[in-house]
$ cat entry14.pdb   # PDB, C-alpha atoms
ATOM      1  CA  MET A 574       0.000   0.000   0.000
ATOM      2  CA  SER A 575       1.279   3.249   0.121
ATOM      3  CA  SER A 576       0.458   1.682   0.561
ATOM      4  CA  ARG A 577      -0.899   0.803   0.602
ATOM      5  CA  SER A 578      -0.759  -2.167  -0.177
ATOM      6  CA  ARG A 579       1.502  -0.108  -1.677
ATOM      7  CA  VAL A 580       4.659  -2.280  -1.903
ATOM      8  CA  ALA A 581       4.824  -3.547  -5.591
ATOM      9  CA  ARG A 582       5.069  -6.627  -7.896
ATOM     10  CA  THR A 583       6.353  -5.874 -11.378
ATOM     11  CA  ALA A 584       4.146  -8.104 -13.516
ATOM     12  CA  VAL A 585       0.685  -9.580 -13.468
ATOM     13  CA  ALA A 586       0.661 -13.359 -13.805
ATOM     14  CA  ALA A 587      -1.962 -15.112 -15.859
ATOM     15  CA  GLY A 588      -3.815 -16.029 -12.695
ATOM     16  CA  ALA A 589      -3.909 -12.414 -11.632
ATOM     17  CA  VAL A 590      -5.433 -11.458 -14.953
ATOM     18  CA  ILE A 591      -8.185 -13.981 -14.285
ATOM     19  CA  THR A 592      -8.612 -12.470 -10.826
ATOM     20  CA  LEU A 593      -8.904  -9.035 -12.388
ATOM     21  CA  ALA A 594     -11.559 -10.202 -14.797
ATOM     22  CA  ALA A 595     -13.522 -11.603 -11.873
ATOM     23  CA  GLY A 596     -12.982  -8.459  -9.852
ATOM     24  CA  LEU A 597     -14.297  -6.259 -12.608
ATOM     25  CA  THR A 598     -17.685  -7.929 -12.329
ATOM     26  CA  ALA A 599     -17.743  -8.163  -8.562
ATOM     27  CA  CYS A 600     -19.557  -4.920  -7.802
ATOM     28  CA  GLY A 601     -23.268  -5.368  -8.257
ATOM     29  CA  GLY A 602     -22.655  -7.948 -10.971
ATOM     30  CA  LYS A 603     -21.644  -5.260 -13.470
ATOM     31  CA  SER A 604     -18.525  -5.019 -15.579
ATOM     32  CA  LEU A 605     -16.507  -1.855 -15.231
ATOM     33  CA  GLU A 606     -17.226  -1.367 -18.896
ATOM     34  CA  GLU A 607     -20.813  -0.743 -17.738
ATOM     35  CA  LYS A 608     -19.870   2.006 -15.316
ATOM     36  CA  GLY A 609     -22.360   3.861 -13.210
ATOM     37  CA  GLY A 610     -25.471   3.090 -11.267
ATOM     38  CA  GLY A 611     -24.113   4.431  -7.987
ATOM     39  CA  LYS A 612     -24.341   7.604  -5.944
ATOM     40  CA  GLY A 613     -24.602  11.069  -7.428
ATOM     41  CA  GLY A 614     -26.047  13.077 -10.267
ATOM     42  CA  GLY A 615     -25.943  13.600 -13.986
ATOM     43  CA  LYS A 616     -22.513  14.976 -14.933
ATOM     44  CA  GLY A 617     -21.252  11.526 -15.853
ATOM     45  CA  GLU A 618     -20.332   8.163 -14.431
ATOM     46  CA  LEU A 619     -17.139   7.552 -12.457
ATOM     47  CA  VAL A 620     -15.705   4.378 -10.943
ATOM     48  CA  ILE A 621     -13.352   4.978  -8.027
ATOM     49  CA  GLY A 622     -10.777   2.250  -7.554
ATOM     50  CA  SER A 623      -9.595   0.911  -4.226
ATOM     51  CA  ALA A 624      -6.925  -1.524  -3.103
ATOM     52  CA  GLY A 625      -7.813  -4.181  -0.568
ATOM     53  CA  PHE A 626      -6.610  -2.472   2.631
ATOM     54  CA  THR A 627      -8.549  -0.255   5.025
ATOM     55  CA  GLU A 628      -7.047   3.127   4.253
ATOM     56  CA  SER A 629      -7.488   2.719   0.512
ATOM     57  CA  LYS A 630     -11.093   1.604   0.978
ATOM     58  CA  VAL A 631     -11.918   4.617   3.142
ATOM     59  CA  LEU A 632     -10.185   7.063   0.795
ATOM     60  CA  ALA A 633     -12.037   5.587  -2.176
ATOM     61  CA  GLU A 634     -15.357   6.069  -0.363
ATOM     62  CA  ILE A 635     -14.345   9.653   0.459
ATOM     63  CA  TYR A 636     -13.459  10.328  -3.176
ATOM     64  CA  SER A 637     -16.736   8.761  -4.270
ATOM     65  CA  ARG A 638     -18.811  10.983  -2.005
ATOM     66  CA  VAL A 639     -16.933  14.157  -2.897
ATOM     67  CA  LEU A 640     -17.463  13.494  -6.584
ATOM     68  CA  ALA A 641     -21.100  12.503  -6.074
ATOM     69  CA  ASP A 642     -21.611  15.789  -4.229
ATOM     70  CA  ALA A 643     -20.111  17.538  -7.261
ATOM     71  CA  GLY A 644     -22.786  15.966  -9.469
ATOM     72  CA  TYR A 645     -21.223  12.752 -10.761
ATOM     73  CA  ARG A 646     -22.693   9.269 -10.574
ATOM     74  CA  THR A 647     -20.142   7.209  -8.664
ATOM     75  CA  ARG A 648     -19.349   3.829  -7.213
ATOM     76  CA  VAL A 649     -16.327   2.162  -5.639
ATOM     77  CA  GLN A 650     -14.616  -0.891  -7.125
ATOM     78  CA  THR A 651     -12.181  -2.758  -4.851
ATOM     79  CA  LEU A 652      -9.379  -4.827  -6.368
ATOM     80  CA  ALA A 653      -6.680  -6.605  -4.383
ATOM     81  CA  ASN A 654      -3.665  -4.492  -5.247
ATOM     82  CA  ARG A 655      -1.994  -2.043  -7.600
ATOM     83  CA  GLU A 656      -1.025  -4.803 -10.030
ATOM     84  CA  LEU A 657      -4.741  -5.195 -10.742
ATOM     85  CA  TYR A 658      -6.211  -1.712 -10.455
ATOM     86  CA  GLU A 659      -3.464   0.256 -12.245
ATOM     87  CA  PRO A 660      -3.986  -1.481 -15.633
ATOM     88  CA  ALA A 661      -7.734  -0.994 -15.194
ATOM     89  CA  LEU A 662      -7.116   2.719 -14.577
ATOM     90  CA  GLU A 663      -5.080   2.954 -17.791
ATOM     91  CA  LYS A 664      -7.906   1.307 -19.740
ATOM     92  CA  GLY A 665     -10.561   3.603 -18.273
ATOM     93  CA  GLN A 666     -12.338   0.703 -16.576
ATOM     94  CA  ILE A 667     -11.565   2.636 -13.392
ATOM     95  CA  ASP A 668     -11.557   6.448 -13.549
ATOM     96  CA  VAL A 669     -10.061   7.653 -10.267
ATOM     97  CA  VAL A 670      -7.792   6.109  -7.616
ATOM     98  CA  PRO A 671      -6.410   7.460  -4.329
ATOM     99  CA  GLU A 672      -2.661   6.894  -4.601
ATOM    100  CA  TYR A 673       0.694   7.379  -2.880
ATOM    101  CA  ALA A 674       3.261   9.432  -4.788
ATOM    102  CA  SER A 675       6.520   7.584  -4.165
ATOM    103  CA  THR A 676       5.117   4.090  -4.373
ATOM    104  CA  LEU A 677       3.227   4.678  -7.603
ATOM    105  CA  ALA A 678       6.264   6.428  -9.099
ATOM    106  CA  GLU A 679       8.451   3.397  -8.393
ATOM    107  CA  PHE A 680       5.745   0.995  -9.556
ATOM    108  CA  LEU A 681       5.510   2.745 -12.934
ATOM    109  CA  ASN A 682       9.303   3.117 -13.053
ATOM    110  CA  ALA A 683       9.705  -0.648 -12.670
ATOM    111  CA  LYS A 684       6.925  -1.274 -15.172
ATOM    112  CA  LYS A 685       8.718   0.840 -17.780
ATOM    113  CA  ASN A 686      12.392   0.256 -16.974
ATOM    114  CA  GLY A 687      12.490  -3.063 -15.118
ATOM    115  CA  SER A 688      12.761  -4.047 -11.490
ATOM    116  CA  LYS A 689      16.393  -2.903 -11.244
ATOM    117  CA  ALA A 690      15.724   0.600 -12.580
ATOM    118  CA  LYS A 691      17.346   3.533 -10.810
ATOM    119  CA  PRO A 692      14.851   4.924  -8.241
ATOM    120  CA  VAL A 693      12.974   8.075  -9.197
ATOM    121  CA  ALA A 694      11.189   8.711  -5.880
ATOM    122  CA  SER A 695      12.735  10.480  -2.918
ATOM    123  CA  SER A 696      11.804  12.390   0.210
ATOM    124  CA  ASP A 697      11.371  15.500  -1.973
ATOM    125  CA  ILE A 698       7.690  15.380  -2.820
ATOM    126  CA  ASP A 699       7.885  17.960  -5.626
ATOM    127  CA  LYS A 700      10.638  16.056  -7.449
ATOM    128  CA  THR A 701       8.834  12.778  -6.843
ATOM    129  CA  VAL A 702       5.561  14.071  -8.290
ATOM    130  CA  THR A 703       7.419  15.481 -11.307
ATOM    131  CA  ALA A 704       8.966  12.058 -11.930
ATOM    132  CA  LEU A 705       5.578  10.406 -11.438
ATOM    133  CA  GLU A 706       3.929  12.735 -13.939
ATOM    134  CA  LYS A 707       6.529  11.863 -16.589
ATOM    135  CA  LEU A 708       5.866   8.158 -16.090
ATOM    136  CA  ALA A 709       2.081   8.445 -15.817
ATOM    137  CA  SER A 710       1.298  10.765 -18.719
ATOM    138  CA  PRO A 711       2.318   8.374 -21.547
ATOM    139  CA  ARG A 712       0.000   5.796 -19.998
ATOM    140  CA  GLY A 713      -2.973   8.136 -20.229
ATOM    141  CA  LEU A 714      -2.928   8.940 -16.524
ATOM    142  CA  LYS A 715      -3.178  12.396 -14.967
ATOM    143  CA  VAL A 716      -1.595  13.028 -11.575
ATOM    144  CA  LEU A 717      -3.418  15.598  -9.441
ATOM    145  CA  PRO A 718      -1.611  17.657  -6.764
ATOM    146  CA  ALA A 719      -0.409  15.928  -3.605
ATOM    147  CA  GLY A 720      -1.514  16.978  -0.141
ATOM    148  CA  ARG A 721      -0.070  16.997   3.379
ATOM    149  CA  ALA A 722      -1.364  13.555   4.315
ATOM    150  CA  THR A 723       1.361  10.917   4.111
ATOM    151  CA  ASP A 724       1.624   7.212   4.761
ATOM    152  CA  GLN A 725       4.537   4.825   4.502
ATOM    153  CA  ASN A 726       5.065   1.115   4.551
ATOM    154  CA  ALA A 727       6.147  -0.026   8.008
ATOM    155  CA  PHE A 728       7.130  -3.293   9.645
ATOM    156  CA  ALA A 729       6.104  -4.507  13.093
ATOM    157  CA  VAL A 730       7.036  -7.324  15.465
ATOM    158  CA  SER A 731       5.493  -8.492  18.717
ATOM    159  CA  LYS A 732       6.621  -6.635  21.832
ATOM    160  CA  GLU A 733       7.856  -9.941  23.254
ATOM    161  CA  PHE A 734       9.949 -10.695  20.154
ATOM    162  CA  ALA A 735      11.381  -7.175  20.239
ATOM    163  CA  ALA A 736      12.317  -7.515  23.916
ATOM    164  CA  GLU A 737      13.847 -10.978  23.519
ATOM    165  CA  ASN A 738      16.067  -9.849  20.635
ATOM    166  CA  LYS A 739      16.652  -6.235  21.740
ATOM    167  CA  LEU A 740      15.005  -4.820  18.626
ATOM    168  CA  LYS A 741      14.199  -1.168  18.043
ATOM    169  CA  THR A 742      15.151  -0.786  14.383
ATOM    170  CA  LEU A 743      15.124  -2.817  11.194
ATOM    171  CA  SER A 744      18.930  -2.777  11.383
ATOM    172  CA  ASP A 745      18.648  -4.492  14.757
ATOM    173  CA  LEU A 746      16.491  -7.177  13.180
ATOM    174  CA  GLY A 747      19.024  -7.797  10.431
ATOM    175  CA  ALA A 748      21.881  -7.966  12.942
ATOM    176  CA  SER A 749      19.930 -10.465  15.087
ATOM    177  CA  LYS A 750      20.264 -13.104  12.326
ATOM    178  CA  GLN A 751      16.775 -14.362  13.161
ATOM    179  CA  LYS A 752      14.978 -16.281  10.434
ATOM    180  CA  ILE A 753      11.902 -14.274   9.586
ATOM    181  CA  LYS A 754       8.531 -15.271   8.171
ATOM    182  CA  LEU A 755       6.847 -12.117   6.908
ATOM    183  CA  ALA A 756       3.076 -11.587   6.891
ATOM    184  CA  SER A 757       2.267  -9.388   3.905
ATOM    185  CA  GLY A 758       0.617  -9.293   0.521
ATOM    186  CA  GLU A 759       2.056 -11.797  -1.942
ATOM    187  CA  GLU A 760       3.255  -8.900  -4.132
ATOM    188  CA  CYS A 761       5.845  -8.167  -1.411
ATOM    189  CA  GLU A 762       8.037 -10.820  -3.047
ATOM    190  CA  THR A 763       9.289  -8.432  -5.734
ATOM    191  CA  ARG A 764       8.386  -4.919  -4.583
ATOM    192  CA  VAL A 765      11.548  -2.933  -3.956
ATOM    193  CA  PHE A 766      10.336  -1.478  -0.653
ATOM    194  CA  CYS A 767       9.349  -4.871   0.748
ATOM    195  CA  LYS A 768      11.195  -8.216   0.739
ATOM    196  CA  PRO A 769      14.001  -7.233  -1.673
ATOM    197  CA  GLY A 770      14.632  -3.979   0.190
ATOM    198  CA  LEU A 771      14.561  -5.604   3.618
ATOM    199  CA  GLU A 772      17.101  -8.176   2.445
ATOM    200  CA  LYS A 773      19.400  -5.778   0.576
ATOM    201  CA  THR A 774      19.245  -2.735   2.857
ATOM    202  CA  TYR A 775      18.974  -4.453   6.233
ATOM    203  CA  GLY A 776      20.274  -7.985   5.673
ATOM    204  CA  ILE A 777      17.098  -9.473   7.114
ATOM    205  CA  ASP A 778      16.836 -13.231   6.523
ATOM    206  CA  ILE A 779      13.288 -13.620   5.162
ATOM    207  CA  THR A 780      12.655 -17.341   4.742
ATOM    208  CA  ALA A 781       9.013 -17.143   3.647
ATOM    209  CA  LEU A 782       6.058 -14.855   2.990
ATOM    210  CA  ASP A 783       2.696 -15.495   4.598
ATOM    211  CA  PRO A 784       0.187 -13.879   2.179
ATOM    212  CA  LYS A 785      -2.315 -12.631   4.733
ATOM    213  CA  GLY A 786      -2.439  -9.078   3.342
ATOM    214  CA  VAL A 787      -1.090  -5.702   4.370
ATOM    215  CA  GLY A 788      -1.835  -4.870   7.983
ATOM    216  CA  THR A 789      -4.915  -7.089   8.066
ATOM    217  CA  PRO A 790      -6.159  -8.426  11.410
ATOM    218  CA  GLN A 791      -5.180 -11.920  10.256
ATOM    219  CA  ALA A 792      -1.625 -10.798   9.467
ATOM    220  CA  LYS A 793      -1.191  -9.041  12.791
ATOM    221  CA  GLN A 794      -2.716 -11.957  14.680
ATOM    222  CA  ALA A 795      -0.212 -14.314  13.041
ATOM    223  CA  VAL A 796       2.652 -12.222  14.428
ATOM    224  CA  LYS A 797       1.012 -11.963  17.828
ATOM    225  CA  ASP A 798       0.667 -15.769  17.908
ATOM    226  CA  GLY A 799       4.268 -16.318  16.799
ATOM    227  CA  ILE A 800       3.301 -18.000  13.528
ATOM    228  CA  ASP A 801       5.061 -15.136  11.722
ATOM    229  CA  GLN A 802       7.729 -12.847  13.116
ATOM    230  CA  LEU A 803       7.204  -9.673  11.062
ATOM    231  CA  VAL A 804       4.182  -7.972   9.516
ATOM    232  CA  LEU A 805       3.978  -5.420   6.733
ATOM    233  CA  THR A 806       1.641  -2.611   7.720
ATOM    234  CA  THR A 807       1.651   1.192   7.470
ATOM    235  CA  THR A 808       2.702   4.122   9.625
ATOM    236  CA  THR A 809      -0.968   5.069  10.011
ATOM    237  CA  ASP A 810      -1.979   1.673  11.449
ATOM    238  CA  ALA A 811      -4.123   2.466  14.491
ATOM    239  CA  THR A 812      -4.485  -1.034  15.981
ATOM    240  CA  LEU A 813      -0.932  -2.236  16.648
ATOM    241  CA  ASP A 814      -1.412  -1.972  20.428
ATOM    242  CA  ASN A 815      -4.479  -4.189  20.204
ATOM    243  CA  PHE A 816      -2.243  -7.011  18.943
ATOM    244  CA  GLY A 817       0.732  -6.262  21.191
ATOM    245  CA  LEU A 818       2.859  -5.152  18.242
ATOM    246  CA  VAL A 819       5.461  -2.447  17.864
ATOM    247  CA  LEU A 820       6.937  -0.812  14.758
ATOM    248  CA  LEU A 821      10.635  -1.177  14.049
ATOM    249  CA  LYS A 822      12.246   2.097  12.976
ATOM    250  CA  ASP A 823      13.232   2.362   9.320
ATOM    251  CA  ASP A 824      16.616   3.731  10.373
ATOM    252  CA  LYS A 825      18.241   3.500   6.912
ATOM    253  CA  LYS A 826      15.255   5.190   5.275
ATOM    254  CA  LEU A 827      14.282   2.401   2.907
ATOM    255  CA  GLN A 828      10.826   3.943   2.569
ATOM    256  CA  ASN A 829      10.136   7.297   0.937
ATOM    257  CA  ALA A 830       7.462   9.561   2.347
ATOM    258  CA  ASP A 831       4.271   8.786   0.458
ATOM    259  CA  ASN A 832       1.956  11.772   0.086
ATOM    260  CA  VAL A 833      -1.635  10.924  -0.800
ATOM    261  CA  LEU A 834      -2.811  12.216  -4.172
ATOM    262  CA  PRO A 835      -5.541  11.405  -6.709
ATOM    263  CA  VAL A 836      -4.613   9.802 -10.023
ATOM    264  CA  VAL A 837      -7.191   9.769 -12.800
ATOM    265  CA  ASN A 838      -7.651   8.430 -16.288
ATOM    266  CA  ALA A 839      -6.929  11.567 -18.318
ATOM    267  CA  LYS A 840      -9.542  10.814 -20.964
ATOM    268  CA  SER A 841     -12.463   9.761 -18.782
ATOM    269  CA  ALA A 842     -11.818  11.860 -15.661
ATOM    270  CA  GLY A 843      -9.360  14.576 -16.603
ATOM    271  CA  ASP A 844     -11.686  17.563 -16.523
ATOM    272  CA  LYS A 845     -11.215  20.589 -14.261
ATOM    273  CA  GLU A 846     -14.377  19.992 -12.235
ATOM    274  CA  ILE A 847     -13.111  16.618 -11.014
ATOM    275  CA  ALA A 848      -9.711  18.100 -10.199
ATOM    276  CA  ALA A 849     -11.322  20.974  -8.306
ATOM    277  CA  ALA A 850     -13.573  18.702  -6.235
ATOM    278  CA  LEU A 851     -10.749  16.353  -5.304
ATOM    279  CA  GLY A 852      -8.369  19.260  -4.740
ATOM    280  CA  LYS A 853     -10.476  20.629  -1.885
ATOM    281  CA  LEU A 854     -10.327  17.243  -0.204
ATOM    282  CA  THR A 855      -6.591  16.786  -0.760
ATOM    283  CA  ARG A 856      -5.874  20.162   0.824
ATOM    284  CA  ALA A 857      -7.976  19.304   3.874
ATOM    285  CA  LEU A 858      -6.718  15.755   4.500
ATOM    286  CA  THR A 859      -3.946  15.271   7.089
ATOM    287  CA  THR A 860      -1.863  12.327   8.289
ATOM    288  CA  GLU A 861      -3.704  12.514  11.622
ATOM    289  CA  ASP A 862      -6.971  12.191   9.710
ATOM    290  CA  LEU A 863      -5.721   8.973   8.105
ATOM    291  CA  ILE A 864      -4.891   7.486  11.499
ATOM    292  CA  THR A 865      -8.321   8.432  12.856
ATOM    293  CA  LEU A 866     -10.130   7.065   9.799
ATOM    294  CA  ASN A 867      -8.235   3.773  10.020
ATOM    295  CA  ARG A 868      -8.992   3.486  13.741
ATOM    296  CA  LYS A 869     -12.722   3.975  13.200
ATOM    297  CA  VAL A 870     -12.799   1.081  10.728
ATOM    298  CA  ASP A 871     -10.228  -1.298  12.222
ATOM    299  CA  ALA A 872     -10.773  -0.712  15.944
ATOM    300  CA  GLU A 873     -14.339   0.603  16.184
ATOM    301  CA  ARG A 874     -15.621  -1.689  13.401
ATOM    302  CA  LEU A 875     -17.468   1.044  11.521
ATOM    303  CA  LYS A 876     -18.122   0.713   7.801
ATOM    304  CA  PRO A 877     -15.732   2.600   5.467
ATOM    305  CA  ALA A 878     -18.691   4.268   3.735
ATOM    306  CA  ASP A 879     -20.105   5.564   7.024
ATOM    307  CA  VAL A 880     -16.692   6.750   8.219
ATOM    308  CA  ALA A 881     -16.166   8.569   4.922
ATOM    309  CA  GLN A 882     -19.505  10.370   5.101
ATOM    310  CA  ALA A 883     -19.014  11.453   8.709
ATOM    311  CA  TYR A 884     -15.516  12.754   7.956
ATOM    312  CA  LEU A 885     -16.633  14.798   4.962
ATOM    313  CA  GLU A 886     -19.564  16.294   6.861
ATOM    314  CA  SER A 887     -17.277  17.191   9.789
ATOM    315  CA  LYS A 888     -14.958  19.052   7.388
ATOM    316  CA  GLY A 889     -17.810  20.743   5.541
ATOM    317  CA  LEU A 890     -16.725  19.132   2.278
ATOM    318  CA  VAL A 891     -20.139  17.724   1.323
ATOM    319  CA  LYS A 892     -23.720  18.715   1.909
ATOM    320  CA  LYS A 893     -25.388  16.854   4.785
TER     321      LYS A 893
END

$ encode --input "entry14.pdb" --output "structure tokens"
Amino acid sequence: MSSRSRVARTAVAAGAVITLAAGLTACGGKSLEEKGGGKGGGKGELVIGSAGFTESKVLAEIYSRVLADAGYRTRVQTLANRELYEPALEKGQIDVVPEYASTLAEFLNAKKNGSKAKPVASSDIDKTVTALEKLASPRGLKVLPAGRATDQNAFAVSKEFAAENKLKTLSDLGASKQKIKLASGEECETRVFCKPGLEKTYGIDITALDPKGVGTPQAKQAVKDGIDQLVLTTTTDATLDNFGLVLLKDDKKLQNADNVLPVVNAKSAGDKEIAAALGKLTRALTTEDLITLNRKVDAERLKPADVAQAYLESKGLVKK
């Protein structure tokens, strides 16, 4: 995830293509080629894409409601990860996606130049967005301005495991020489900020991936129970304490700061009205908001759609 999540696999296997085809008919039994039928008015039909983790789902619902309030007919389509929703965005099967600047930049960089391409993202958000725009534009994608809200990939262990091995940082984990089973999304296998980066940058001995998803309750429970030793989550995860987990500091700065920003299909959703509606939201959204939104879904068990509506009303961004 950036996700978000946001850590990335470079190619879609044949099985994933089948999964995508199934996913495109999963919402109300309609294909994304038959967009519409959701919330909103008569300016046109927009499908908002979401990855399969909490923050992305909530942001997609927020985008959907903002655009519905602006007069568009909208609905949310959730696909497992970026490997599935990004091609759909290029094709116009999905029109709008909440994204993370650095992670998407590196995803598209790897897609164009290969998994060993020189990184284009950095902690400089302006330079990162410029690089992202250059990669996105030839694919028919338009990158809208980034906001203050940021999220990064993060890795957590149980408090007991940290105490036993004197762990505070990812460097400490590498130096411990512990064999690590990592709970994550399966795409972590090749994404540069996940397994390859942990091995190369920190020397962590990852013996296996447990594909329970990014920061899901099942993934965190597996680490709590000692089935896995490390879990991929995000810096805005609001339920680590509930599972007795603690983040290890990314002391060598493997992760770049990932500012949230909308990315749209330039042909189907590139008009100024969409940019203006989403721009108001982007300017209002903060990192603290992301943490609160995640907590309401993951800890308080509220529905993403309800959390999104309450947030927008509290900020005065939609009509009640």

$ residues_around --input "entry14.pdb" --residues "range 748-751 of chain A" --least-positions-apart "3" --cutoff "12 Å" --atoms "all atoms listed in the file" --output "CSV table (one decimal) with C-alpha atoms, in the coordinates of the input"
chain,number,residue,atom,x,y,z
A,734,PHE,CA,9.9,-10.7,20.2
A,735,ALA,CA,11.4,-7.2,20.2
A,737,GLU,CA,13.8,-11.0,23.5
A,738,ASN,CA,16.1,-9.8,20.6
A,739,LYS,CA,16.7,-6.2,21.7
A,740,LEU,CA,15.0,-4.8,18.6
A,741,LYS,CA,14.2,-1.2,18.0
A,742,THR,CA,15.2,-0.8,14.4
A,743,LEU,CA,15.1,-2.8,11.2
A,744,SER,CA,18.9,-2.8,11.4
A,745,ASP,CA,18.6,-4.5,14.8
A,754,LYS,CA,8.5,-15.3,8.2
A,755,LEU,CA,6.8,-12.1,6.9
A,772,GLU,CA,17.1,-8.2,2.4
A,774,THR,CA,19.2,-2.7,2.9
A,775,TYR,CA,19.0,-4.5,6.2
A,776,GLY,CA,20.3,-8.0,5.7
A,777,ILE,CA,17.1,-9.5,7.1
A,778,ASP,CA,16.8,-13.2,6.5
A,779,ILE,CA,13.3,-13.6,5.2
A,780,THR,CA,12.7,-17.3,4.7
A,801,ASP,CA,5.1,-15.1,11.7
A,802,GLN,CA,7.7,-12.8,13.1
A,803,LEU,CA,7.2,-9.7,11.1

$ resolve_selection --input "entry14.pdb" --expression "the PyMOL selection byres ((chain A and resi 639) around 8)" --output "MDAnalysis selection string"
chainID A and resid 635:638 640:643 850:851 854 885 890:891

$ axis_aligned_box --input "entry14.pdb" --around "range 884-892 of chain A" --padding-each-side "8 Å" --output "lines of an AutoDock Vina configuration file"
center_x = -19.3
center_y = 16.7
center_z = 5.6
size_x = 24.8
size_y = 24.0
size_z = 24.5

$ residues_around --input "entry14.pdb" --residues "range 861-872 of chain A" --least-positions-apart "6" --cutoff "9 Å" --atoms "all atoms listed in the file" --output "number ranges by chain"
A: 627-628, 631-632, 722-724, 789-790, 808-812, 815, 880-881, 884

$ write_last_selection --input "entry14.pdb" --atoms "C-alpha atoms" --output "PDB file, in the frame of the given file"
ATOM      1  CA  THR A 627      -8.549  -0.255   5.025  1.00  0.00           C
ATOM      2  CA  GLU A 628      -7.047   3.127   4.253  1.00  0.00           C
ATOM      3  CA  VAL A 631     -11.918   4.617   3.142  1.00  0.00           C
ATOM      4  CA  LEU A 632     -10.185   7.063   0.795  1.00  0.00           C
ATOM      5  CA  ALA A 722      -1.364  13.555   4.315  1.00  0.00           C
ATOM      6  CA  THR A 723       1.361  10.917   4.111  1.00  0.00           C
ATOM      7  CA  ASP A 724       1.624   7.212   4.761  1.00  0.00           C
ATOM      8  CA  THR A 789      -4.915  -7.089   8.066  1.00  0.00           C
ATOM      9  CA  PRO A 790      -6.159  -8.426  11.410  1.00  0.00           C
ATOM     10  CA  THR A 808       2.702   4.122   9.625  1.00  0.00           C
ATOM     11  CA  THR A 809      -0.968   5.069  10.011  1.00  0.00           C
ATOM     12  CA  ASP A 810      -1.979   1.673  11.449  1.00  0.00           C
ATOM     13  CA  ALA A 811      -4.123   2.466  14.491  1.00  0.00           C
ATOM     14  CA  THR A 812      -4.485  -1.034  15.981  1.00  0.00           C
ATOM     15  CA  ASN A 815      -4.479  -4.189  20.204  1.00  0.00           C
ATOM     16  CA  VAL A 880     -16.692   6.750   8.219  1.00  0.00           C
ATOM     17  CA  ALA A 881     -16.166   8.569   4.922  1.00  0.00           C
ATOM     18  CA  TYR A 884     -15.516  12.754   7.956  1.00  0.00           C
TER      19      TYR A 884
END

$ residues_around --input "entry14.pdb" --residues "Thr701 in chain A" --least-positions-apart "3" --cutoff "12 Å" --atoms "all atoms listed in the file" --output "list in words"
Tyr673, Ala674, Ser675, Thr676, Leu677, Ala678, Glu679, Asn682, Pro692, Val693, Ala694, Ser695, Ser696, Asp697, Ile698, Ala704, Leu705, Glu706, Lys707, Leu708, Val716, Pro718, Ala719, Asn829, Ala830, Asp831, Asn832 and Leu834 of chain A

$ write_last_selection --input "entry14.pdb" --atoms "C-alpha atoms" --output "short mmCIF file (atom, residue, chain, number, x, y, z; two decimals), keeping the file's coordinate frame"
data_model
loop_
_atom_site.label_atom_id
_atom_site.label_comp_id
_atom_site.auth_asym_id
_atom_site.auth_seq_id
_atom_site.Cartn_x
_atom_site.Cartn_y
_atom_site.Cartn_z
CA TYR A 673 0.69 7.38 -2.88
CA ALA A 674 3.26 9.43 -4.79
CA SER A 675 6.52 7.58 -4.16
CA THR A 676 5.12 4.09 -4.37
CA LEU A 677 3.23 4.68 -7.60
CA ALA A 678 6.26 6.43 -9.10
CA GLU A 679 8.45 3.40 -8.39
CA ASN A 682 9.30 3.12 -13.05
CA PRO A 692 14.85 4.92 -8.24
CA VAL A 693 12.97 8.07 -9.20
CA ALA A 694 11.19 8.71 -5.88
CA SER A 695 12.74 10.48 -2.92
CA SER A 696 11.80 12.39 0.21
CA ASP A 697 11.37 15.50 -1.97
CA ILE A 698 7.69 15.38 -2.82
CA ALA A 704 8.97 12.06 -11.93
CA LEU A 705 5.58 10.41 -11.44
CA GLU A 706 3.93 12.74 -13.94
CA LYS A 707 6.53 11.86 -16.59
CA LEU A 708 5.87 8.16 -16.09
CA VAL A 716 -1.60 13.03 -11.58
CA PRO A 718 -1.61 17.66 -6.76
CA ALA A 719 -0.41 15.93 -3.60
CA ASN A 829 10.14 7.30 0.94
CA ALA A 830 7.46 9.56 2.35
CA ASP A 831 4.27 8.79 0.46
CA ASN A 832 1.96 11.77 0.09
CA LEU A 834 -2.81 12.22 -4.17
#

$ atom_distance --input "entry14.pdb" --atom1 "CA of Gly720 in chain A" --atom2 "CA of Lys825 in chain A"
24.9 Å

$ residues_near_point --input "entry14.pdb" --point "(-9.4, -2.1, -3.2)" --cutoff "9 Å" --atoms "all atoms listed in the file" --output "compact mmCIF listing (two decimals) with C-alpha atoms, in the coordinates of the input"
# COMPACT_ATOMS: atom_id res chain seq x y z
CA GLY A 622 -10.78 2.25 -7.55
CA SER A 623 -9.60 0.91 -4.23
CA ALA A 624 -6.92 -1.52 -3.10
CA GLY A 625 -7.81 -4.18 -0.57
CA PHE A 626 -6.61 -2.47 2.63
CA THR A 627 -8.55 -0.26 5.03
CA SER A 629 -7.49 2.72 0.51
CA LYS A 630 -11.09 1.60 0.98
CA ALA A 633 -12.04 5.59 -2.18
CA VAL A 649 -16.33 2.16 -5.64
CA GLN A 650 -14.62 -0.89 -7.12
CA THR A 651 -12.18 -2.76 -4.85
CA LEU A 652 -9.38 -4.83 -6.37
CA ALA A 653 -6.68 -6.60 -4.38
CA ASN A 654 -3.66 -4.49 -5.25
CA ARG A 655 -1.99 -2.04 -7.60
CA TYR A 658 -6.21 -1.71 -10.46

$ atom_distance --input "entry14.pdb" --atom1 "CA of Ala795 in chain A" --atom2 "CA of Lys752 in chain A"
15.5 Å
